[in-house]
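What's in entry-v1.pdb: PDB, C-alpha atoms
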```
MODEL        1
ATOM      1  CA  MET A   4      30.703 -24.562  -1.814  1.00  0.00           C
ATOM      2  CA  ILE A   5      28.389 -27.548  -2.198  1.00  0.00           C
ATOM      3  CA  GLU A   6      28.713 -29.110  -5.651  1.00  0.00           C
ATOM      4  CA  SER A   7      24.943 -29.174  -6.179  1.00  0.00           C
ATOM      5  CA  GLU A   8      24.782 -25.411  -5.588  1.00  0.00           C
ATOM      6  CA  LEU A   9      27.561 -24.766  -8.064  1.00  0.00           C
ATOM      7  CA  SER A  10      25.890 -27.044 -10.613  1.00  0.00           C
ATOM      8  CA  LEU A  11      22.584 -25.173 -10.276  1.00  0.00           C
ATOM      9  CA  PHE A  12      24.359 -21.819 -10.581  1.00  0.00           C
ATOM     10  CA  ARG A  13      26.039 -22.933 -13.793  1.00  0.00           C
ATOM     11  CA  GLN A  14      22.722 -24.214 -15.156  1.00  0.00           C
ATOM     12  CA  LEU A  15      21.014 -20.907 -14.469  1.00  0.00           C
ATOM     13  CA  ILE A  16      23.802 -18.991 -16.220  1.00  0.00           C
ATOM     14  CA  HIS A  17      23.829 -21.388 -19.182  1.00  0.00           C
ATOM     15  CA  GLY A  18      20.053 -21.205 -19.583  1.00  0.00           C
ATOM     16  CA  ALA A  19      19.849 -17.416 -19.462  1.00  0.00           C
ATOM     17  CA  ASN A  20      19.838 -15.150 -22.489  1.00  0.00           C
ATOM     18  CA  ASN A  21      19.979 -11.779 -20.766  1.00  0.00           C
ATOM     19  CA  ILE A  22      21.682 -11.658 -17.377  1.00  0.00           C
ATOM     20  CA  VAL A  23      21.792  -8.445 -15.377  1.00  0.00           C
ATOM     21  CA  VAL A  24      24.498  -8.294 -12.714  1.00  0.00           C
ATOM     22  CA  PHE A  25      23.884  -5.979  -9.765  1.00  0.00           C
ATOM     23  CA  THR A  26      26.941  -5.329  -7.610  1.00  0.00           C
ATOM     24  CA  GLY A  27      27.595  -3.762  -4.227  1.00  0.00           C
ATOM     25  CA  ALA A  28      30.628  -3.058  -2.093  1.00  0.00           C
ATOM     26  CA  GLY A  29      31.204  -6.738  -1.318  1.00  0.00           C
ATOM     27  CA  ILE A  30      32.607  -7.484  -4.760  1.00  0.00           C
ATOM     28  CA  SER A  31      35.356  -4.891  -4.260  1.00  0.00           C
ATOM     29  CA  THR A  32      36.493  -5.754  -0.739  1.00  0.00           C
ATOM     30  CA  GLU A  33      38.724  -8.452  -2.257  1.00  0.00           C
ATOM     31  CA  SER A  34      40.471  -5.591  -4.099  1.00  0.00           C
ATOM     32  CA  GLY A  35      41.270  -3.919  -0.782  1.00  0.00           C
ATOM     33  CA  ILE A  36      38.430  -1.397  -0.842  1.00  0.00           C
ATOM     34  CA  PRO A  37      36.558  -1.395   2.486  1.00  0.00           C
ATOM     35  CA  ASP A  38      32.779  -1.436   2.462  1.00  0.00           C
ATOM     36  CA  PHE A  39      30.666   1.196   4.168  1.00  0.00           C
ATOM     37  CA  ARG A  40      28.084  -0.625   6.267  1.00  0.00           C
ATOM     38  CA  GLY A  41      29.753  -3.903   7.244  1.00  0.00           C
ATOM     39  CA  PRO A  42      31.118  -4.759  10.703  1.00  0.00           C
ATOM     40  CA  ASN A  43      34.366  -2.978   9.831  1.00  0.00           C
ATOM     41  CA  GLY A  44      32.818  -0.508   7.425  1.00  0.00           C
ATOM     42  CA  ILE A  45      33.974   3.069   6.897  1.00  0.00           C
ATOM     43  CA  TRP A  46      30.869   4.563   8.474  1.00  0.00           C
ATOM     44  CA  LYS A  47      31.627   2.792  11.774  1.00  0.00           C
ATOM     45  CA  SER A  48      34.516   5.189  12.364  1.00  0.00           C
ATOM     46  CA  MET A  49      33.756   8.150  10.090  1.00  0.00           C
ATOM     47  CA  ARG A  50      30.468  10.024   9.804  1.00  0.00           C
ATOM     48  CA  PRO A  51      29.407  10.488   6.177  1.00  0.00           C
ATOM     49  CA  ILE A  52      29.175  14.040   4.864  1.00  0.00           C
ATOM     50  CA  ASP A  53      25.676  15.091   3.825  1.00  0.00           C
ATOM     51  CA  PHE A  54      25.296  16.738   0.438  1.00  0.00           C
ATOM     52  CA  SER A  55      23.556  19.797   1.878  1.00  0.00           C
ATOM     53  CA  ASP A  56      26.456  20.360   4.283  1.00  0.00           C
ATOM     54  CA  PHE A  57      28.972  19.971   1.458  1.00  0.00           C
ATOM     55  CA  VAL A  58      27.215  22.622  -0.605  1.00  0.00           C
ATOM     56  CA  ALA A  59      26.670  25.008   2.307  1.00  0.00           C
ATOM     57  CA  SER A  60      30.143  25.067   3.846  1.00  0.00           C
ATOM     58  CA  GLU A  61      33.613  25.518   2.388  1.00  0.00           C
ATOM     59  CA  ASP A  62      35.049  24.030   5.576  1.00  0.00           C
ATOM     60  CA  VAL A  63      33.000  20.869   5.020  1.00  0.00           C
ATOM     61  CA  ARG A  64      34.163  20.726   1.417  1.00  0.00           C
ATOM     62  CA  ARG A  65      37.743  21.063   2.603  1.00  0.00           C
ATOM     63  CA  GLU A  66      37.218  18.149   5.003  1.00  0.00           C
ATOM     64  CA  SER A  67      35.701  16.096   2.202  1.00  0.00           C
ATOM     65  CA  TRP A  68      38.715  16.649  -0.058  1.00  0.00           C
ATOM     66  CA  ARG A  69      41.054  16.015   2.879  1.00  0.00           C
ATOM     67  CA  ARG A  70      39.423  12.610   3.380  1.00  0.00           C
ATOM     68  CA  LYS A  71      39.571  11.849  -0.320  1.00  0.00           C
ATOM     69  CA  PHE A  72      43.275  12.547  -0.725  1.00  0.00           C
ATOM     70  CA  SER A  73      44.446  11.134   2.611  1.00  0.00           C
ATOM     71  CA  ALA A  74      43.269   7.585   1.909  1.00  0.00           C
ATOM     72  CA  ASP A  75      42.319   7.174  -1.741  1.00  0.00           C
ATOM     73  CA  VAL A  76      42.566   3.395  -1.983  1.00  0.00           C
ATOM     74  CA  MET A  77      40.377   3.400  -5.099  1.00  0.00           C
ATOM     75  CA  ALA A  78      43.070   5.182  -7.071  1.00  0.00           C
ATOM     76  CA  THR A  79      45.386   2.165  -6.975  1.00  0.00           C
ATOM     77  CA  ALA A  80      42.887  -0.702  -6.590  1.00  0.00           C
ATOM     78  CA  GLU A  81      42.797  -3.394  -9.264  1.00  0.00           C
ATOM     79  CA  PRO A  82      39.929  -5.656 -10.350  1.00  0.00           C
ATOM     80  CA  ASN A  83      39.800  -9.020  -8.600  1.00  0.00           C
ATOM     81  CA  SER A  84      38.623 -12.426  -9.793  1.00  0.00           C
ATOM     82  CA  GLY A  85      34.987 -11.469  -9.155  1.00  0.00           C
ATOM     83  CA  HIS A  86      35.194  -8.464 -11.466  1.00  0.00           C
ATOM     84  CA  ARG A  87      37.000 -10.547 -14.075  1.00  0.00           C
ATOM     85  CA  ALA A  88      34.319 -13.266 -13.938  1.00  0.00           C
ATOM     86  CA  VAL A  89      31.605 -10.689 -14.565  1.00  0.00           C
ATOM     87  CA  ALA A  90      33.661  -9.235 -17.418  1.00  0.00           C
ATOM     88  CA  LYS A  91      33.939 -12.705 -18.945  1.00  0.00           C
ATOM     89  CA  LEU A  92      30.149 -13.085 -18.887  1.00  0.00           C
ATOM     90  CA  VAL A  93      29.853  -9.745 -20.675  1.00  0.00           C
ATOM     91  CA  THR A  94      32.374 -10.851 -23.305  1.00  0.00           C
ATOM     92  CA  LEU A  95      30.478 -14.106 -23.805  1.00  0.00           C
ATOM     93  CA  GLY A  96      27.307 -12.158 -24.495  1.00  0.00           C
ATOM     94  CA  LYS A  97      25.539 -13.476 -21.411  1.00  0.00           C
ATOM     95  CA  VAL A  98      25.381 -10.183 -19.506  1.00  0.00           C
ATOM     96  CA  GLY A  99      23.649  -7.189 -21.040  1.00  0.00           C
ATOM     97  CA  PHE A 100      24.290  -4.687 -18.266  1.00  0.00           C
ATOM     98  CA  VAL A 101      26.079  -4.396 -14.968  1.00  0.00           C
ATOM     99  CA  ILE A 102      24.236  -2.194 -12.482  1.00  0.00           C
ATOM    100  CA  THR A 103      26.537  -1.142  -9.683  1.00  0.00           C
ATOM    101  CA  GLN A 104      26.255   0.705  -6.404  1.00  0.00           C
ATOM    102  CA  ASN A 105      30.044   1.004  -6.364  1.00  0.00           C
ATOM    103  CA  VAL A 106      31.967   4.144  -7.256  1.00  0.00           C
ATOM    104  CA  ASP A 107      35.394   2.566  -7.793  1.00  0.00           C
ATOM    105  CA  GLY A 108      35.296   2.046 -11.571  1.00  0.00           C
ATOM    106  CA  LEU A 109      36.678  -1.482 -11.258  1.00  0.00           C
ATOM    107  CA  HIS A 110      34.121  -2.993 -13.633  1.00  0.00           C
ATOM    108  CA  GLN A 111      35.366  -0.715 -16.403  1.00  0.00           C
ATOM    109  CA  LYS A 112      38.954  -1.418 -15.386  1.00  0.00           C
ATOM    110  CA  SER A 113      38.249  -5.143 -15.741  1.00  0.00           C
ATOM    111  CA  GLY A 114      37.413  -4.597 -19.406  1.00  0.00           C
ATOM    112  CA  ILE A 115      33.660  -4.012 -19.425  1.00  0.00           C
ATOM    113  CA  PRO A 116      32.734  -1.178 -21.821  1.00  0.00           C
ATOM    114  CA  GLN A 117      31.571   2.004 -20.113  1.00  0.00           C
ATOM    115  CA  ASP A 118      28.175   1.886 -21.850  1.00  0.00           C
ATOM    116  CA  ARG A 119      27.450  -1.509 -20.303  1.00  0.00           C
ATOM    117  CA  VAL A 120      28.030  -0.293 -16.735  1.00  0.00           C
ATOM    118  CA  ILE A 121      25.243   1.645 -15.016  1.00  0.00           C
ATOM    119  CA  GLU A 122      26.724   3.534 -12.053  1.00  0.00           C
ATOM    120  CA  LEU A 123      23.877   4.345  -9.676  1.00  0.00           C
ATOM    121  CA  HIS A 124      26.073   6.192  -7.182  1.00  0.00           C
ATOM    122  CA  GLY A 125      28.511   7.781  -9.606  1.00  0.00           C
ATOM    123  CA  ASN A 126      32.264   7.444  -9.853  1.00  0.00           C
ATOM    124  CA  ALA A 127      34.905   8.549  -7.354  1.00  0.00           C
ATOM    125  CA  ASN A 128      37.775   8.587  -9.829  1.00  0.00           C
ATOM    126  CA  TYR A 129      37.031  12.031 -11.236  1.00  0.00           C
ATOM    127  CA  ALA A 130      35.132  15.177 -10.252  1.00  0.00           C
ATOM    128  CA  THR A 131      32.500  17.413 -11.804  1.00  0.00           C
ATOM    129  CA  CYS A 132      31.181  20.928 -11.330  1.00  0.00           C
ATOM    130  CA  LEU A 133      27.800  20.910  -9.623  1.00  0.00           C
ATOM    131  CA  SER A 134      26.707  23.885 -11.749  1.00  0.00           C
ATOM    132  CA  CYS A 135      27.917  23.220 -15.299  1.00  0.00           C
ATOM    133  CA  SER A 136      28.969  19.521 -15.083  1.00  0.00           C
ATOM    134  CA  HIS A 137      32.474  20.223 -16.428  1.00  0.00           C
ATOM    135  CA  ARG A 138      34.757  17.271 -15.679  1.00  0.00           C
ATOM    136  CA  PHE A 139      37.975  17.578 -13.681  1.00  0.00           C
ATOM    137  CA  GLU A 140      40.651  14.943 -13.205  1.00  0.00           C
ATOM    138  CA  LEU A 141      41.640  14.255  -9.611  1.00  0.00           C
ATOM    139  CA  ASP A 142      45.379  14.703 -10.181  1.00  0.00           C
ATOM    140  CA  GLN A 143      44.723  18.322 -11.110  1.00  0.00           C
ATOM    141  CA  ILE A 144      42.674  18.921  -7.958  1.00  0.00           C
ATOM    142  CA  ARG A 145      45.092  17.002  -5.733  1.00  0.00           C
ATOM    143  CA  GLU A 146      47.993  19.155  -6.863  1.00  0.00           C
ATOM    144  CA  SER A 147      46.253  22.422  -6.024  1.00  0.00           C
ATOM    145  CA  PHE A 148      44.770  21.089  -2.777  1.00  0.00           C
ATOM    146  CA  SER A 149      48.205  20.022  -1.548  1.00  0.00           C
ATOM    147  CA  VAL A 150      49.149  23.709  -1.333  1.00  0.00           C
ATOM    148  CA  GLY A 151      47.361  25.039   1.730  1.00  0.00           C
ATOM    149  CA  GLU A 152      44.309  22.771   1.266  1.00  0.00           C
ATOM    150  CA  SER A 153      42.827  25.141  -1.276  1.00  0.00           C
ATOM    151  CA  VAL A 154      39.203  24.153  -1.998  1.00  0.00           C
ATOM    152  CA  PRO A 155      38.707  23.825  -5.777  1.00  0.00           C
ATOM    153  CA  TYR A 156      36.208  25.818  -7.803  1.00  0.00           C
ATOM    154  CA  CYS A 157      35.216  25.383 -11.426  1.00  0.00           C
ATOM    155  CA  THR A 158      37.491  27.132 -13.901  1.00  0.00           C
ATOM    156  CA  GLU A 159      34.602  27.350 -16.364  1.00  0.00           C
ATOM    157  CA  CYS A 160      31.833  28.895 -14.243  1.00  0.00           C
ATOM    158  CA  GLY A 161      33.151  29.267 -10.695  1.00  0.00           C
ATOM    159  CA  GLY A 162      30.836  26.567  -9.359  1.00  0.00           C
ATOM    160  CA  ILE A 163      31.458  24.011  -6.614  1.00  0.00           C
ATOM    161  CA  ILE A 164      33.504  20.966  -7.620  1.00  0.00           C
ATOM    162  CA  LYS A 165      32.707  17.574  -6.121  1.00  0.00           C
ATOM    163  CA  THR A 166      33.769  14.023  -6.811  1.00  0.00           C
ATOM    164  CA  ALA A 167      31.337  12.540  -9.337  1.00  0.00           C
ATOM    165  CA  THR A 168      29.577  10.473  -6.691  1.00  0.00           C
ATOM    166  CA  ILE A 169      26.109  10.562  -5.168  1.00  0.00           C
ATOM    167  CA  SER A 170      26.370  11.630  -1.532  1.00  0.00           C
ATOM    168  CA  PHE A 171      23.946  11.233   1.343  1.00  0.00           C
ATOM    169  CA  GLY A 172      21.056  13.598   0.728  1.00  0.00           C
ATOM    170  CA  GLN A 173      21.823  14.003  -2.974  1.00  0.00           C
ATOM    171  CA  ALA A 174      19.222  13.061  -5.578  1.00  0.00           C
ATOM    172  CA  MET A 175      19.763   9.834  -7.485  1.00  0.00           C
ATOM    173  CA  PRO A 176      20.734  10.334 -11.149  1.00  0.00           C
ATOM    174  CA  GLU A 177      17.561  10.101 -13.229  1.00  0.00           C
ATOM    175  CA  ARG A 178      19.175   8.745 -16.396  1.00  0.00           C
ATOM    176  CA  GLN A 179      21.037   5.956 -14.624  1.00  0.00           C
ATOM    177  CA  MET A 180      17.975   4.973 -12.620  1.00  0.00           C
ATOM    178  CA  HIS A 181      15.920   4.790 -15.807  1.00  0.00           C
ATOM    179  CA  LEU A 182      18.558   2.685 -17.571  1.00  0.00           C
ATOM    180  CA  ALA A 183      18.752   0.358 -14.564  1.00  0.00           C
ATOM    181  CA  GLU A 184      14.988  -0.041 -14.503  1.00  0.00           C
ATOM    182  CA  GLN A 185      14.851  -0.879 -18.209  1.00  0.00           C
ATOM    183  CA  ALA A 186      17.703  -3.386 -17.862  1.00  0.00           C
ATOM    184  CA  THR A 187      16.025  -5.007 -14.871  1.00  0.00           C
ATOM    185  CA  LEU A 188      12.708  -5.420 -16.676  1.00  0.00           C
ATOM    186  CA  SER A 189      14.428  -7.168 -19.598  1.00  0.00           C
ATOM    187  CA  ALA A 190      16.476  -9.633 -17.514  1.00  0.00           C
ATOM    188  CA  ASP A 191      15.759 -13.348 -17.413  1.00  0.00           C
ATOM    189  CA  LEU A 192      18.415 -13.889 -14.722  1.00  0.00           C
ATOM    190  CA  PHE A 193      19.224 -11.238 -12.138  1.00  0.00           C
ATOM    191  CA  LEU A 194      22.463 -11.796 -10.249  1.00  0.00           C
ATOM    192  CA  ALA A 195      22.940  -9.687  -7.099  1.00  0.00           C
ATOM    193  CA  VAL A 196      26.547  -9.771  -5.917  1.00  0.00           C
ATOM    194  CA  GLY A 197      28.100  -8.325  -2.776  1.00  0.00           C
ATOM    195  CA  SER A 198      25.222  -6.082  -1.787  1.00  0.00           C
ATOM    196  CA  SER A 199      23.454  -5.907   1.563  1.00  0.00           C
ATOM    197  CA  LEU A 200      20.347  -4.876  -0.415  1.00  0.00           C
ATOM    198  CA  THR A 201      19.414  -2.325   2.228  1.00  0.00           C
ATOM    199  CA  VAL A 202      19.962   0.922   0.313  1.00  0.00           C
ATOM    200  CA  TYR A 203      16.880   2.010  -1.599  1.00  0.00           C
ATOM    201  CA  PRO A 204      15.777   2.701  -4.246  1.00  0.00           C
ATOM    202  CA  ALA A 205      18.693   0.732  -5.739  1.00  0.00           C
ATOM    203  CA  ALA A 206      17.919  -2.380  -3.689  1.00  0.00           C
ATOM    204  CA  SER A 207      14.458  -2.595  -5.215  1.00  0.00           C
ATOM    205  CA  PHE A 208      15.796  -3.829  -8.554  1.00  0.00           C
ATOM    206  CA  PRO A 209      16.329  -7.494  -7.546  1.00  0.00           C
ATOM    207  CA  ARG A 210      12.754  -7.686  -6.218  1.00  0.00           C
ATOM    208  CA  VAL A 211      11.376  -6.082  -9.389  1.00  0.00           C
ATOM    209  CA  ALA A 212      13.304  -8.559 -11.552  1.00  0.00           C
ATOM    210  CA  LYS A 213      11.880 -11.494  -9.595  1.00  0.00           C
ATOM    211  CA  GLN A 214       8.351 -10.116  -9.820  1.00  0.00           C
ATOM    212  CA  GLN A 215       8.760  -9.832 -13.594  1.00  0.00           C
ATOM    213  CA  GLY A 216       9.649 -13.514 -13.888  1.00  0.00           C
ATOM    214  CA  ALA A 217      13.448 -13.471 -13.841  1.00  0.00           C
ATOM    215  CA  LYS A 218      15.421 -16.008 -11.872  1.00  0.00           C
ATOM    216  CA  LEU A 219      17.147 -14.387  -8.893  1.00  0.00           C
ATOM    217  CA  VAL A 220      20.535 -15.409  -7.516  1.00  0.00           C
ATOM    218  CA  ILE A 221      22.306 -13.720  -4.612  1.00  0.00           C
ATOM    219  CA  VAL A 222      26.030 -14.145  -3.944  1.00  0.00           C
ATOM    220  CA  ASN A 223      26.920 -12.412  -0.694  1.00  0.00           C
ATOM    221  CA  ASN A 224      28.904 -13.127   2.453  1.00  0.00           C
ATOM    222  CA  GLU A 225      25.951 -12.299   4.696  1.00  0.00           C
ATOM    223  CA  ALA A 226      22.221 -12.952   4.569  1.00  0.00           C
ATOM    224  CA  THR A 227      19.907 -10.364   3.006  1.00  0.00           C
ATOM    225  CA  ASP A 228      16.213  -9.649   3.349  1.00  0.00           C
ATOM    226  CA  LEU A 229      15.652 -10.998  -0.170  1.00  0.00           C
ATOM    227  CA  ASP A 230      17.213 -14.416   0.443  1.00  0.00           C
ATOM    228  CA  PRO A 231      13.793 -16.103   0.968  1.00  0.00           C
ATOM    229  CA  ILE A 232      12.540 -15.221  -2.530  1.00  0.00           C
ATOM    230  CA  CYS A 233      15.699 -16.278  -4.394  1.00  0.00           C
ATOM    231  CA  ASP A 234      16.122 -19.229  -6.698  1.00  0.00           C
ATOM    232  CA  LEU A 235      19.625 -19.662  -5.301  1.00  0.00           C
ATOM    233  CA  VAL A 236      21.548 -18.057  -2.437  1.00  0.00           C
ATOM    234  CA  LEU A 237      25.314 -18.486  -2.134  1.00  0.00           C
ATOM    235  CA  HIS A 238      26.966 -17.269   1.070  1.00  0.00           C
ATOM    236  CA  TYR A 239      30.537 -17.843  -0.046  1.00  0.00           C
ATOM    237  CA  PRO A 240      33.562 -15.715  -1.054  1.00  0.00           C
ATOM    238  CA  ILE A 241      32.507 -13.779  -4.114  1.00  0.00           C
ATOM    239  CA  GLY A 242      35.594 -14.018  -6.314  1.00  0.00           C
ATOM    240  CA  ALA A 243      35.993 -17.769  -5.954  1.00  0.00           C
ATOM    241  CA  THR A 244      32.261 -18.412  -6.348  1.00  0.00           C
ATOM    242  CA  LEU A 245      31.854 -16.409  -9.558  1.00  0.00           C
ATOM    243  CA  THR A 246      35.065 -17.804 -11.006  1.00  0.00           C
ATOM    244  CA  ALA A 247      33.959 -21.390 -10.340  1.00  0.00           C
ATOM    245  CA  ALA A 248      30.594 -20.744 -11.994  1.00  0.00           C
ATOM    246  CA  VAL A 249      31.991 -19.044 -15.087  1.00  0.00           C
ATOM    247  CA  ASP A 250      35.092 -21.135 -15.813  1.00  0.00           C
TER
ENDMDL
END
```

Please express what this file holds, its structure, as structure tokens.
Amino acid sequence: MIESELSLFRQLIHGANNIVVFTGAGISTESGIPDFRGPNGIWKSMRPIDFSDFVASEDVRRESWRRKFSADVMATAEPNSGHRAVAKLVTLGKVGFVITQNVDGLHQKSGIPQDRVIELHGNANYATCLSCSHRFELDQIRESFSVGESVPYCTECGGIIKTATISFGQAMPERQMHLAEQATLSADLFLAVGSSLTVYPAASFPRVAKQQGAKLVIVNNEATDLDPICDLVLHYPIGATLTAAVD
């Protein structure tokens, strides 16, 4: 990284009173979690399951749980230096909220309080009933599914159980979207990290922050459509870049 870029990044962080960090899959690839849309992304080799298909077919639900338990890298993943740098900014009082498109829970695992993390696409580390919202731990479901691939149903109401994530075709969570909007409008520095900024409506938040007068910084391995309107763009490894700026 060029020293002048790092110096400007540090100045922007130092001068901000309310930073909002917006993270995508790129911050977690250094923890061994593959992204979805990159050159080697999951969707290149595996078609995503649409929410309507999941609800309509027990066979599709069985396939979904089969995928989940056959390669659940999120279950053992640990936060990397990028997550820890963001957590440090939260501890220092610089970051009010972390808005994330990720479902891996690594921001919370890095030490950020749950109420400071806004999960736009849910969390893959537990499951909920689509009818009554009762929570189920994955170990419980994994144990029963391992015997004949038995598709789980809610023990409270008999409803369909699904990982607590937002799937293709599923409505975005209203509360989280509202919280993210409010956080974005209050930011004086908006830091977008590891996101291709192509998935809407989530990707609209950096643009809204800029329009409201916040400084906008993007840290991402590849170019994004919002690069031209940024105050600073850093196309470098995320963990090392954030660590250098925060330490």

Identify, on the basis of all atoms listed in the file, every residue whose closest approach to A:Phe208 does not exceed 9 Å; exclude the query and any residue fewer than 3 positions from it along the same chain; express the result as a ChimeraX atom specification. /A:25,183-184,187-188,193,204-205,211-213

Query - Straight-line distance linking atom CA of A:Val202 with atom CA of A:Ala174, stated in Å to one decimal - result: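 It comes out at 13.5 Å.
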
- Query: Quick one: which residues end up in the PyMOL selection byres ((chain A and resi 114-123) around 6) for this structure, as a list in words?
  - Reply: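 Output of the PyMOL selection byres ((chain A and resi 114-123) around 6): Ala90, Phe100, Val101, Ile102, Thr103, Gln104, His110, Gln111, Lys112, Ser113, His124, Gly125 and Gln179 of chain A.
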
Min atom-atom distance to A:Glu225 from the set A:Ala206, A:Gly29, A:Glu159, A:Leu182, counting only C-alpha atoms, belongs to A:Gly29

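Between A:Pro176 and the candidates A:Ala59, A:Val236, A:Asn126, A:Pro51, the tightest atom-to-atom separation, counting all atoms listed in the file, involves A:Asn126.
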
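Take atom CA of A:Glu140 and atom CA of A:Met180: the distance between them is 24.8 Å.
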
| Using all atoms listed in the file, which of the listed residues (A:Ile169, A:Val58, A:Leu219, A:Val196) sits closest to A:Tyr239? |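 The shortest atom-to-atom distance to A:Tyr239 comes from A:Val196.
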
For this session: Evaluate the PyMOL selection byres ((chain A and resi 141-155) around 12) here and jot the selected residues down as a PyMOL selection string.
Result: chain A and resi 57+60-73+75+77-78+126-133+138-140+156-159+161-167

Correct to one decimal, the distance atom CA of A:Glu8-atom CA of A:Ala28 is 23.4 Å

Identify the residues around (20.4, 12.4, 1.5) within a radius of 10 Å, measuring from all atoms listed in the file in the coordinates stated by the file, and give them as an MDAnalysis selection string. chainID A and resid 52:55 169:175

Checklist entry - Between A:Thr246, A:Gln214, A:Ser31, A:Ser198, which has the minimum distance to A:Asp228 (counting all atoms listed in the file)? => result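 When distances to A:Asp228 are compared using all atoms listed in the file, the smallest one comes from A:Ser198.
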
Problem set entry | Residues in the PyMOL selection byres ((chain A and resi 86) around 9), expressed as a list of chain:residue names |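 With the PyMOL selection byres ((chain A and resi 86) around 9) on this model, the match is A:Ile30, A:Ser31, A:Pro82, A:Asn83, A:Ser84, A:Gly85, A:Arg87, A:Ala88, A:Val89, A:Ala90, A:Lys91, A:Leu109, A:His110, A:Lys112, A:Ser113, A:Gly242, A:Leu245.
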
Residue nearest A:Val98 among A:Gln185, A:His137, A:Asn20, A:Val222 (counting all atoms listed in the file):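 For A:Val98, the nearest of the candidates is A:Asn20.
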
Next on the checklist: Between A:Ala195, A:Ile232, A:Ile36, A:Leu11, which residue has the minimum interatomic distance to A:Val220, considering only C-alpha atoms?
Outcome noted: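 Using only C-alpha atoms, A:Val220 sits closest to A:Ala195.
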
Just save stretch 174-186 of chain A with C-alpha atoms, as a short mmCIF file (atom, residue, chain, number, x, y, z; two decimals), in the first residue's frame.
```cif
data_model
loop_
_atom_site.label_atom_id
_atom_site.label_comp_id
_atom_site.auth_asym_id
_atom_site.auth_seq_id
_atom_site.Cartn_x
_atom_site.Cartn_y
_atom_site.Cartn_z
CA ALA A 174 -38.03 -10.60 1.74
CA MET A 175 -35.36 -8.52 3.45
CA PRO A 176 -35.86 -8.14 7.22
CA GLU A 177 -37.68 -4.85 7.82
CA ARG A 178 -36.21 -4.12 11.25
CA GLN A 179 -32.62 -4.66 10.17
CA MET A 180 -33.09 -2.59 7.03
CA HIS A 181 -34.54 0.25 9.09
CA LEU A 182 -31.68 0.10 11.60
CA ALA A 183 -29.15 0.09 8.76
CA GLU A 184 -30.80 3.10 7.15
CA GLN A 185 -30.77 5.06 10.41
CA ALA A 186 -27.12 4.17 11.05
#
```
